[in-house]
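Novice: Pasting query-v7.cif here (mmCIF, N, CA and C atoms):
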data_work
#
loop_
_atom_site.group_PDB
_atom_site.id
_atom_site.type_symbol
_atom_site.label_atom_id
_atom_site.label_comp_id
_atom_site.auth_asym_id
_atom_site.auth_seq_id
_atom_site.Cartn_x
_atom_site.Cartn_y
_atom_site.Cartn_z
ATOM 1 N N MET A 1 59.642 -51.164 -52.197
ATOM 2 C CA MET A 1 58.349 -50.791 -52.725
ATOM 3 C C MET A 1 57.980 -49.412 -52.167
ATOM 4 N N GLN A 2 57.541 -48.509 -53.006
ATOM 5 C CA GLN A 2 57.139 -47.163 -52.609
ATOM 6 C C GLN A 2 55.632 -47.097 -52.391
ATOM 7 N N PHE A 3 55.231 -46.339 -51.376
ATOM 8 C CA PHE A 3 53.821 -46.137 -51.098
ATOM 9 C C PHE A 3 53.512 -44.653 -51.100
ATOM 10 N N HIS A 4 52.335 -44.320 -51.530
ATOM 11 C CA HIS A 4 51.859 -42.939 -51.431
ATOM 12 C C HIS A 4 51.568 -42.663 -49.959
ATOM 13 N N ASP A 5 51.683 -41.409 -49.556
ATOM 14 C CA ASP A 5 51.378 -41.051 -48.165
ATOM 15 C C ASP A 5 49.981 -41.537 -47.787
ATOM 16 N N ALA A 6 49.892 -42.127 -46.618
ATOM 17 C CA ALA A 6 48.607 -42.600 -46.108
ATOM 18 C C ALA A 6 48.476 -42.149 -44.655
ATOM 19 N N TYR A 7 47.308 -41.659 -44.278
ATOM 20 C CA TYR A 7 47.079 -41.119 -42.951
ATOM 21 C C TYR A 7 45.782 -41.685 -42.378
ATOM 22 N N ARG A 8 45.704 -41.701 -41.066
ATOM 23 C CA ARG A 8 44.458 -42.049 -40.393
ATOM 24 C C ARG A 8 43.645 -40.772 -40.223
ATOM 25 N N ILE A 9 42.347 -40.840 -40.464
ATOM 26 C CA ILE A 9 41.478 -39.691 -40.213
ATOM 27 C C ILE A 9 41.061 -39.757 -38.751
ATOM 28 N N LEU A 10 41.443 -38.734 -37.997
ATOM 29 C CA LEU A 10 41.139 -38.691 -36.570
ATOM 30 C C LEU A 10 39.872 -37.909 -36.280
ATOM 31 N N ALA A 11 39.636 -36.841 -37.022
ATOM 32 C CA ALA A 11 38.481 -35.980 -36.761
ATOM 33 C C ALA A 11 38.242 -35.093 -37.975
ATOM 34 N N THR A 12 37.062 -34.505 -38.044
ATOM 35 C CA THR A 12 36.778 -33.516 -39.079
ATOM 36 C C THR A 12 36.147 -32.288 -38.434
ATOM 37 N N GLN A 13 36.338 -31.146 -39.075
ATOM 38 C CA GLN A 13 35.732 -29.894 -38.622
ATOM 39 C C GLN A 13 35.249 -29.125 -39.837
ATOM 40 N N ASN A 14 34.166 -28.413 -39.683
ATOM 41 C CA ASN A 14 33.713 -27.450 -40.671
ATOM 42 C C ASN A 14 33.834 -26.075 -40.028
ATOM 43 N N VAL A 15 34.417 -25.137 -40.739
ATOM 44 C CA VAL A 15 34.576 -23.779 -40.223
ATOM 45 C C VAL A 15 33.785 -22.841 -41.123
ATOM 46 N N ALA A 16 32.751 -22.213 -40.587
ATOM 47 C CA ALA A 16 31.994 -21.218 -41.352
ATOM 48 C C ALA A 16 32.830 -19.949 -41.414
ATOM 49 N N TYR A 17 32.876 -19.298 -42.568
ATOM 50 C CA TYR A 17 33.736 -18.127 -42.718
ATOM 51 C C TYR A 17 33.010 -16.997 -43.418
ATOM 52 N N ALA A 18 33.558 -15.800 -43.274
ATOM 53 C CA ALA A 18 32.965 -14.593 -43.849
ATOM 54 C C ALA A 18 33.595 -14.287 -45.203
ATOM 55 N N ALA A 19 32.906 -13.484 -45.986
ATOM 56 C CA ALA A 19 33.445 -13.006 -47.253
ATOM 57 C C ALA A 19 34.600 -12.059 -46.978
ATOM 58 N N ALA A 20 35.388 -11.753 -48.004
ATOM 59 C CA ALA A 20 36.508 -10.818 -47.869
ATOM 60 C C ALA A 20 35.998 -9.537 -47.217
ATOM 61 N N GLY A 21 36.782 -8.999 -46.317
ATOM 62 C CA GLY A 21 36.361 -7.806 -45.588
ATOM 63 C C GLY A 21 35.650 -8.134 -44.299
ATOM 64 N N GLY A 22 35.275 -9.403 -44.116
ATOM 65 C CA GLY A 22 34.613 -9.839 -42.893
ATOM 66 C C GLY A 22 35.642 -10.259 -41.857
ATOM 67 N N ALA A 23 35.183 -10.943 -40.835
ATOM 68 C CA ALA A 23 36.071 -11.386 -39.763
ATOM 69 C C ALA A 23 36.639 -12.770 -40.069
ATOM 70 N N SER A 24 37.864 -12.995 -39.660
ATOM 71 C CA SER A 24 38.511 -14.292 -39.753
ATOM 72 C C SER A 24 37.828 -15.247 -38.771
ATOM 73 N N ALA A 25 37.649 -16.510 -39.173
ATOM 74 C CA ALA A 25 37.026 -17.519 -38.304
ATOM 75 C C ALA A 25 38.051 -18.599 -37.975
ATOM 76 N N GLN A 26 38.098 -19.034 -36.704
ATOM 77 C CA GLN A 26 39.046 -20.055 -36.265
ATOM 78 C C GLN A 26 38.356 -21.398 -36.041
ATOM 79 N N SER A 27 39.117 -22.459 -36.241
ATOM 80 C CA SER A 27 38.671 -23.796 -35.872
ATOM 81 C C SER A 27 38.907 -23.986 -34.378
ATOM 82 N N THR A 28 38.513 -25.139 -33.876
ATOM 83 C CA THR A 28 38.924 -25.498 -32.523
ATOM 84 C C THR A 28 40.363 -26.019 -32.609
ATOM 85 N N ALA A 29 41.017 -26.166 -31.478
ATOM 86 C CA ALA A 29 42.406 -26.633 -31.454
ATOM 87 C C ALA A 29 42.507 -28.063 -31.967
ATOM 88 N N PHE A 30 43.594 -28.358 -32.679
ATOM 89 C CA PHE A 30 43.823 -29.701 -33.185
ATOM 90 C C PHE A 30 44.155 -30.637 -32.023
ATOM 91 N N ALA A 31 43.734 -31.883 -32.146
ATOM 92 C CA ALA A 31 43.903 -32.877 -31.080
ATOM 93 C C ALA A 31 45.372 -33.221 -30.841
ATOM 94 N N SER A 32 45.630 -33.902 -29.745
ATOM 95 C CA SER A 32 47.004 -34.216 -29.337
ATOM 96 C C SER A 32 47.724 -35.158 -30.293
ATOM 97 N N GLN A 33 46.999 -35.911 -31.106
ATOM 98 C CA GLN A 33 47.638 -36.823 -32.059
ATOM 99 C C GLN A 33 47.657 -36.273 -33.486
ATOM 100 N N THR A 34 47.152 -35.077 -33.707
ATOM 101 C CA THR A 34 47.094 -34.509 -35.055
ATOM 102 C C THR A 34 48.451 -33.940 -35.442
ATOM 103 N N ARG A 35 48.975 -34.424 -36.567
ATOM 104 C CA ARG A 35 50.259 -33.950 -37.088
ATOM 105 C C ARG A 35 50.128 -33.333 -38.478
ATOM 106 N N TYR A 36 49.069 -33.702 -39.180
ATOM 107 C CA TYR A 36 48.810 -33.180 -40.520
ATOM 108 C C TYR A 36 47.318 -32.889 -40.620
ATOM 109 N N ILE A 37 46.960 -31.902 -41.426
ATOM 110 C CA ILE A 37 45.548 -31.652 -41.702
ATOM 111 C C ILE A 37 45.336 -31.605 -43.212
ATOM 112 N N ARG A 38 44.210 -32.101 -43.628
ATOM 113 C CA ARG A 38 43.789 -32.010 -45.034
ATOM 114 C C ARG A 38 42.718 -30.939 -45.066
ATOM 115 N N VAL A 39 42.909 -29.946 -45.927
ATOM 116 C CA VAL A 39 42.022 -28.789 -45.957
ATOM 117 C C VAL A 39 41.454 -28.633 -47.365
ATOM 118 N N VAL A 40 40.138 -28.381 -47.447
ATOM 119 C CA VAL A 40 39.509 -28.133 -48.742
ATOM 120 C C VAL A 40 38.366 -27.143 -48.562
ATOM 121 N N SER A 41 38.252 -26.228 -49.504
ATOM 122 C CA SER A 41 37.124 -25.304 -49.556
ATOM 123 C C SER A 41 36.246 -25.762 -50.712
ATOM 124 N N VAL A 42 35.064 -26.223 -50.391
ATOM 125 C CA VAL A 42 34.181 -26.817 -51.402
ATOM 126 C C VAL A 42 33.268 -25.746 -51.980
ATOM 127 N N GLY A 43 33.155 -25.713 -53.288
ATOM 128 C CA GLY A 43 32.267 -24.756 -53.926
ATOM 129 C C GLY A 43 32.406 -24.779 -55.431
ATOM 130 N N VAL A 44 31.771 -23.828 -56.070
ATOM 131 C CA VAL A 44 31.827 -23.692 -57.517
ATOM 132 C C VAL A 44 32.721 -22.504 -57.836
ATOM 133 N N ALA A 45 33.859 -22.780 -58.451
ATOM 134 C CA ALA A 45 34.786 -21.704 -58.803
ATOM 135 C C ALA A 45 34.209 -20.874 -59.946
ATOM 136 N N SER A 46 34.396 -19.569 -59.861
ATOM 137 C CA SER A 46 33.933 -18.665 -60.913
ATOM 138 C C SER A 46 34.811 -17.422 -60.887
ATOM 139 N N ALA A 47 34.489 -16.461 -61.714
ATOM 140 C CA ALA A 47 35.259 -15.219 -61.748
ATOM 141 C C ALA A 47 35.170 -14.474 -60.423
ATOM 142 N N SER A 48 34.092 -14.675 -59.674
ATOM 143 C CA SER A 48 33.941 -13.964 -58.408
ATOM 144 C C SER A 48 34.214 -14.837 -57.182
ATOM 145 N N ILE A 49 34.429 -16.123 -57.370
ATOM 146 C CA ILE A 49 34.716 -17.049 -56.265
ATOM 147 C C ILE A 49 35.956 -17.858 -56.639
ATOM 148 N N ASP A 50 37.077 -17.635 -55.942
ATOM 149 C CA ASP A 50 38.278 -18.388 -56.302
ATOM 150 C C ASP A 50 38.938 -19.115 -55.155
ATOM 151 N N GLY A 51 38.549 -18.869 -53.918
ATOM 152 C CA GLY A 51 39.158 -19.588 -52.814
ATOM 153 C C GLY A 51 38.999 -18.873 -51.495
ATOM 154 N N VAL A 52 39.770 -19.336 -50.520
ATOM 155 C CA VAL A 52 39.765 -18.742 -49.184
ATOM 156 C C VAL A 52 41.201 -18.465 -48.765
ATOM 157 N N ARG A 53 41.358 -17.554 -47.828
ATOM 158 C CA ARG A 53 42.656 -17.251 -47.223
ATOM 159 C C ARG A 53 42.741 -18.026 -45.924
ATOM 160 N N ILE A 54 43.894 -18.638 -45.656
ATOM 161 C CA ILE A 54 44.049 -19.438 -44.435
ATOM 162 C C ILE A 54 45.333 -19.071 -43.703
ATOM 163 N N ALA A 55 45.307 -19.278 -42.391
ATOM 164 C CA ALA A 55 46.492 -19.130 -41.548
ATOM 165 C C ALA A 55 46.437 -20.234 -40.496
ATOM 166 N N ILE A 56 47.602 -20.789 -40.141
ATOM 167 C CA ILE A 56 47.681 -21.856 -39.146
ATOM 168 C C ILE A 56 48.689 -21.442 -38.083
ATOM 169 N N ASP A 57 48.257 -21.460 -36.820
ATOM 170 C CA ASP A 57 49.122 -21.080 -35.704
ATOM 171 C C ASP A 57 48.389 -21.397 -34.402
ATOM 172 N N ALA A 58 48.951 -20.994 -33.276
ATOM 173 C CA ALA A 58 48.302 -21.222 -31.985
ATOM 174 C C ALA A 58 47.033 -20.388 -31.844
ATOM 175 N N SER A 59 47.061 -19.168 -32.368
ATOM 176 C CA SER A 59 45.891 -18.287 -32.352
ATOM 177 C C SER A 59 45.906 -17.461 -33.643
ATOM 178 N N PRO A 60 45.609 -18.097 -34.776
ATOM 179 C CA PRO A 60 45.780 -17.449 -36.077
ATOM 180 C C PRO A 60 44.649 -16.491 -36.443
ATOM 181 N N THR A 61 44.975 -15.568 -37.316
ATOM 182 C CA THR A 61 43.991 -14.682 -37.935
ATOM 183 C C THR A 61 44.285 -14.662 -39.424
ATOM 184 N N ALA A 62 43.328 -15.078 -40.242
ATOM 185 C CA ALA A 62 43.495 -15.027 -41.690
ATOM 186 C C ALA A 62 43.208 -13.605 -42.158
ATOM 187 N N THR A 63 44.033 -13.116 -43.078
ATOM 188 C CA THR A 63 43.875 -11.774 -43.628
ATOM 189 C C THR A 63 43.879 -11.846 -45.149
ATOM 190 N N ALA A 64 43.709 -10.715 -45.779
ATOM 191 C CA ALA A 64 43.693 -10.650 -47.246
ATOM 192 C C ALA A 64 45.037 -11.036 -47.857
ATOM 193 N N THR A 65 46.098 -11.084 -47.052
ATOM 194 C CA THR A 65 47.414 -11.462 -47.567
ATOM 195 C C THR A 65 47.870 -12.844 -47.086
ATOM 196 N N SER A 66 47.001 -13.568 -46.379
ATOM 197 C CA SER A 66 47.332 -14.931 -45.940
ATOM 198 C C SER A 66 47.359 -15.871 -47.141
ATOM 199 N N ALA A 67 47.850 -17.082 -46.927
ATOM 200 C CA ALA A 67 47.945 -18.074 -47.998
ATOM 201 C C ALA A 67 46.576 -18.327 -48.635
ATOM 202 N N LEU A 68 46.553 -18.431 -49.960
ATOM 203 C CA LEU A 68 45.317 -18.678 -50.702
ATOM 204 C C LEU A 68 45.131 -20.176 -50.920
ATOM 205 N N LEU A 69 43.964 -20.688 -50.564
ATOM 206 C CA LEU A 69 43.582 -22.070 -50.832
ATOM 207 C C LEU A 69 42.497 -22.033 -51.899
ATOM 208 N N ALA A 70 42.796 -22.583 -53.066
ATOM 209 C CA ALA A 70 41.849 -22.558 -54.185
ATOM 210 C C ALA A 70 40.656 -23.462 -53.906
ATOM 211 N N VAL A 71 39.525 -23.132 -54.498
ATOM 212 C CA VAL A 71 38.303 -23.918 -54.356
ATOM 213 C C VAL A 71 38.512 -25.318 -54.932
ATOM 214 N N ASN A 72 38.069 -26.327 -54.182
ATOM 215 C CA ASN A 72 38.046 -27.730 -54.610
ATOM 216 C C ASN A 72 39.422 -28.351 -54.846
ATOM 217 N N PHE A 73 40.477 -27.784 -54.291
ATOM 218 C CA PHE A 73 41.811 -28.356 -54.383
ATOM 219 C C PHE A 73 42.304 -28.676 -52.970
ATOM 220 N N PRO A 74 42.140 -29.914 -52.510
ATOM 221 C CA PRO A 74 42.576 -30.271 -51.159
ATOM 222 C C PRO A 74 44.087 -30.114 -51.007
ATOM 223 N N GLU A 75 44.492 -29.657 -49.843
ATOM 224 C CA GLU A 75 45.912 -29.516 -49.511
ATOM 225 C C GLU A 75 46.146 -30.189 -48.167
ATOM 226 N N ILE A 76 47.354 -30.687 -47.950
ATOM 227 C CA ILE A 76 47.731 -31.275 -46.664
ATOM 228 C C ILE A 76 48.833 -30.414 -46.067
ATOM 229 N N PHE A 77 48.657 -30.030 -44.787
ATOM 230 C CA PHE A 77 49.622 -29.186 -44.084
ATOM 231 C C PHE A 77 50.116 -29.897 -42.838
ATOM 232 N N LYS A 78 51.395 -29.752 -42.532
ATOM 233 C CA LYS A 78 51.952 -30.258 -41.278
ATOM 234 C C LYS A 78 51.609 -29.258 -40.183
ATOM 235 N N VAL A 79 51.102 -29.760 -39.060
ATOM 236 C CA VAL A 79 50.696 -28.902 -37.941
ATOM 237 C C VAL A 79 51.186 -29.510 -36.630
ATOM 238 N N ALA A 80 51.029 -28.763 -35.570
ATOM 239 C CA ALA A 80 51.344 -29.244 -34.225
ATOM 240 C C ALA A 80 50.040 -29.356 -33.433
ATOM 241 N N PRO A 81 49.978 -30.308 -32.509
ATOM 242 C CA PRO A 81 48.794 -30.401 -31.657
ATOM 243 C C PRO A 81 48.530 -29.062 -30.966
ATOM 244 N N GLY A 82 47.260 -28.698 -30.859
ATOM 245 C CA GLY A 82 46.887 -27.451 -30.200
ATOM 246 C C GLY A 82 46.806 -26.255 -31.137
ATOM 247 N N GLN A 83 47.395 -26.359 -32.319
ATOM 248 C CA GLN A 83 47.266 -25.258 -33.272
ATOM 249 C C GLN A 83 45.841 -25.213 -33.813
ATOM 250 N N LYS A 84 45.514 -24.125 -34.517
ATOM 251 C CA LYS A 84 44.202 -23.938 -35.130
ATOM 252 C C LYS A 84 44.400 -23.432 -36.548
ATOM 253 N N ILE A 85 43.338 -23.498 -37.332
ATOM 254 C CA ILE A 85 43.342 -22.883 -38.655
ATOM 255 C C ILE A 85 42.330 -21.743 -38.641
ATOM 256 N N ALA A 86 42.685 -20.630 -39.274
ATOM 257 C CA ALA A 86 41.771 -19.502 -39.428
ATOM 258 C C ALA A 86 41.454 -19.362 -40.909
ATOM 259 N N VAL A 87 40.215 -18.983 -41.208
ATOM 260 C CA VAL A 87 39.739 -18.919 -42.588
ATOM 261 C C VAL A 87 39.033 -17.594 -42.838
ATOM 262 N N LEU A 88 39.246 -17.049 -44.035
ATOM 263 C CA LEU A 88 38.578 -15.823 -44.476
ATOM 264 C C LEU A 88 38.321 -15.943 -45.966
ATOM 265 N N GLY A 89 37.111 -15.614 -46.404
ATOM 266 C CA GLY A 89 36.813 -15.644 -47.832
ATOM 267 C C GLY A 89 37.732 -14.695 -48.591
ATOM 268 N N ASN A 90 38.082 -15.070 -49.818
ATOM 269 C CA ASN A 90 38.958 -14.236 -50.637
ATOM 270 C C ASN A 90 38.165 -13.286 -51.518
ATOM 271 N N ASN A 91 36.873 -13.468 -51.595
ATOM 272 C CA ASN A 91 36.048 -12.700 -52.510
ATOM 273 C C ASN A 91 34.968 -11.935 -51.775
ATOM 274 N N ARG A 92 34.459 -10.930 -52.434
ATOM 275 C CA ARG A 92 33.431 -10.079 -51.835
ATOM 276 C C ARG A 92 32.132 -10.837 -51.587
ATOM 277 N N TYR A 93 31.803 -11.743 -52.483
ATOM 278 C CA TYR A 93 30.539 -12.476 -52.370
ATOM 279 C C TYR A 93 30.800 -13.862 -51.826
ATOM 280 N N ARG A 94 30.062 -14.269 -50.816
ATOM 281 C CA ARG A 94 30.271 -15.566 -50.184
ATOM 282 C C ARG A 94 29.229 -16.547 -50.706
ATOM 283 N N LYS A 95 29.670 -17.480 -51.518
ATOM 284 C CA LYS A 95 28.760 -18.524 -51.978
ATOM 285 C C LYS A 95 29.064 -19.839 -51.289
ATOM 286 N N ARG A 96 30.312 -20.040 -50.880
ATOM 287 C CA ARG A 96 30.676 -21.212 -50.098
ATOM 288 C C ARG A 96 30.702 -20.768 -48.646
ATOM 289 N N GLN A 97 30.114 -21.532 -47.784
ATOM 290 C CA GLN A 97 30.049 -21.098 -46.405
ATOM 291 C C GLN A 97 30.802 -22.002 -45.451
ATOM 292 N N ARG A 98 31.336 -23.078 -45.930
ATOM 293 C CA ARG A 98 32.024 -23.993 -45.018
ATOM 294 C C ARG A 98 33.381 -24.368 -45.592
ATOM 295 N N HIS A 99 34.289 -24.568 -44.682
ATOM 296 C CA HIS A 99 35.659 -24.924 -45.009
ATOM 297 C C HIS A 99 35.937 -26.189 -44.224
ATOM 298 N N ARG A 100 36.307 -27.258 -44.858
ATOM 299 C CA ARG A 100 36.440 -28.549 -44.187
ATOM 300 C C ARG A 100 37.892 -28.827 -43.847
ATOM 301 N N THR A 101 38.118 -29.231 -42.621
ATOM 302 C CA THR A 101 39.448 -29.609 -42.143
ATOM 303 C C THR A 101 39.386 -31.021 -41.578
ATOM 304 N N HIS A 102 40.282 -31.890 -42.025
ATOM 305 C CA HIS A 102 40.367 -33.246 -41.502
ATOM 306 C C HIS A 102 41.653 -33.352 -40.695
ATOM 307 N N GLY A 103 41.544 -33.704 -39.420
ATOM 308 C CA GLY A 103 42.739 -33.949 -38.610
ATOM 309 C C GLY A 103 43.303 -35.313 -38.933
ATOM 310 N N LEU A 104 44.559 -35.371 -39.301
ATOM 311 C CA LEU A 104 45.178 -36.621 -39.700
ATOM 312 C C LEU A 104 46.309 -36.969 -38.744
ATOM 313 N N GLY A 105 46.427 -38.240 -38.415
ATOM 314 C CA GLY A 105 47.491 -38.680 -37.527
ATOM 315 C C GLY A 105 48.792 -38.871 -38.283
ATOM 316 N N THR A 106 49.711 -39.558 -37.682
ATOM 317 C CA THR A 106 50.983 -39.823 -38.318
ATOM 318 C C THR A 106 50.815 -40.857 -39.418
ATOM 319 N N LYS A 107 51.787 -40.918 -40.297
ATOM 320 C CA LYS A 107 51.720 -41.865 -41.410
ATOM 321 C C LYS A 107 51.774 -43.291 -40.921
#
Go ahead and express the file in the form of structure tokens.
Specialist:
Amino acid sequence: MQFHDAYRILATQNVAYAAAGGASAQSTAFASQTRYIRVVSVGVASASIDGVRIAIDASPTATATSALLAVNFPEIFKVAPGQKIAVLGNNRYRKRQRHRTHGLGTK
């Protein structure tokens, strides 16, 4: 029998971020049991709002060329304990101000 991936939710974080051209914002370090994170940028997509730029590392900085996370499309990333996520708006105008990260344990 096959099962869809299932994870325990260990913690959640909201990361406030700047519009494109602003400063990259980091989360706090992921907990010792965090192996995957679910990331979503919540907002209303439009011609001027399409997503956020993200980077994941020990001390990341999101830039205009970092990976693009589209608005309202959750993604799951494999991470290591102690890593962080950095977020930067992809657009000049900031209408979404929070980026949600859920720390997920092992399957």
Novice: Given the PyMOL selection byres ((chain A and resi 18) around 7) and the file above, list the residues it selects as a PyMOL selection string.
Specialist: chain A and resi 16-17+19-25+87-90+94
Novice: Between atom C of Ala11 of chain A and atom C of Ala58 of chain A, what distance in Å does the model show, to one decimal?
Specialist: 18.2 Å
Novice: Hey, what comes out of the PyMOL selection byres (((chain A and resi 81 and name CA) around 9) and name CA) on this file? Could you write it as a short mmCIF file (atom, residue, chain, number, x, y, z; two decimals) with N, CA and C atoms, in the frame of the given file?
Specialist:
data_model
loop_
_atom_site.label_atom_id
_atom_site.label_comp_id
_atom_site.auth_asym_id
_atom_site.auth_seq_id
_atom_site.Cartn_x
_atom_site.Cartn_y
_atom_site.Cartn_z
N ALA A 29 41.02 -26.17 -31.48
CA ALA A 29 42.41 -26.63 -31.45
C ALA A 29 42.51 -28.06 -31.97
N PHE A 30 43.59 -28.36 -32.68
CA PHE A 30 43.82 -29.70 -33.18
C PHE A 30 44.16 -30.64 -32.02
N ALA A 31 43.73 -31.88 -32.15
CA ALA A 31 43.90 -32.88 -31.08
C ALA A 31 45.37 -33.22 -30.84
N SER A 32 45.63 -33.90 -29.74
CA SER A 32 47.00 -34.22 -29.34
C SER A 32 47.72 -35.16 -30.29
N GLN A 33 47.00 -35.91 -31.11
CA GLN A 33 47.64 -36.82 -32.06
C GLN A 33 47.66 -36.27 -33.49
N THR A 34 47.15 -35.08 -33.71
CA THR A 34 47.09 -34.51 -35.06
C THR A 34 48.45 -33.94 -35.44
N ARG A 35 48.98 -34.42 -36.57
CA ARG A 35 50.26 -33.95 -37.09
C ARG A 35 50.13 -33.33 -38.48
N VAL A 79 51.10 -29.76 -39.06
CA VAL A 79 50.70 -28.90 -37.94
C VAL A 79 51.19 -29.51 -36.63
N ALA A 80 51.03 -28.76 -35.57
CA ALA A 80 51.34 -29.24 -34.22
C ALA A 80 50.04 -29.36 -33.43
N GLY A 82 47.26 -28.70 -30.86
CA GLY A 82 46.89 -27.45 -30.20
C GLY A 82 46.81 -26.26 -31.14
N GLN A 83 47.40 -26.36 -32.32
CA GLN A 83 47.27 -25.26 -33.27
C GLN A 83 45.84 -25.21 -33.81
N LYS A 84 45.51 -24.12 -34.52
CA LYS A 84 44.20 -23.94 -35.13
C LYS A 84 44.40 -23.43 -36.55
#
Novice: Find the residue from A:Gln13, A:Ser66, A:Ser27, A:Asn91 that sits nearest to Gly51 of chain A; use all atoms listed in the file when measuring.
Specialist: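 For Gly51 of chain A, the nearest of the given residues is A:Asn91.
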Novice: Identify which of the residues A:Val39, A:Ile76, A:Ala86, A:Val44 lies closest to Thr61 of chain A, counting only C-alpha atoms when measuring atom-to-atom distances.
Specialist: A:Ala86
Novice: For atom CA of Thr65 of chain A and atom N of Lys78 of chain A, quote the distance in Å rounded to one decimal.
Specialist: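 If I compute the distance from atom CA of Thr65 of chain A to atom N of Lys78 of chain A, I get 19.4 Å.
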Novice: Figure out the distance between atom CA of Glu75 of chain A and atom CA of Gly43 of chain A, please, to one decimal in Å.
Specialist: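 Atom-to-atom, atom CA of Gly43 of chain A and atom CA of Glu75 of chain A are spaced 15.1 Å apart.
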Novice: Assuming the chain letters and numbering stay as they are in my file, what does the PyMOL selection byres (((chain A and resi 56 and name CA) around 6) and name CA) actually select? List them as a list in words.
Specialist: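 Applying the PyMOL selection byres (((chain A and resi 56 and name CA) around 6) and name CA) to the structure shown produces Ala55, Asp57, Pro60, Lys84 and Ile85 of chain A.
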Novice: Write out as a list in words each polymer residue whose atoms come within 7 Å of Val71 of chain A, counting all atoms listed in the file; drop sequence neighbours fewer than 2 positions from it.
Specialist: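 Once the nearby chain positions are removed, what remains is Val40, Ser41, Val42, Gly43, Val44, Ala45, Ile49, Asp50, Gly51, Val52, Leu69, Phe73 and Pro74 of chain A.
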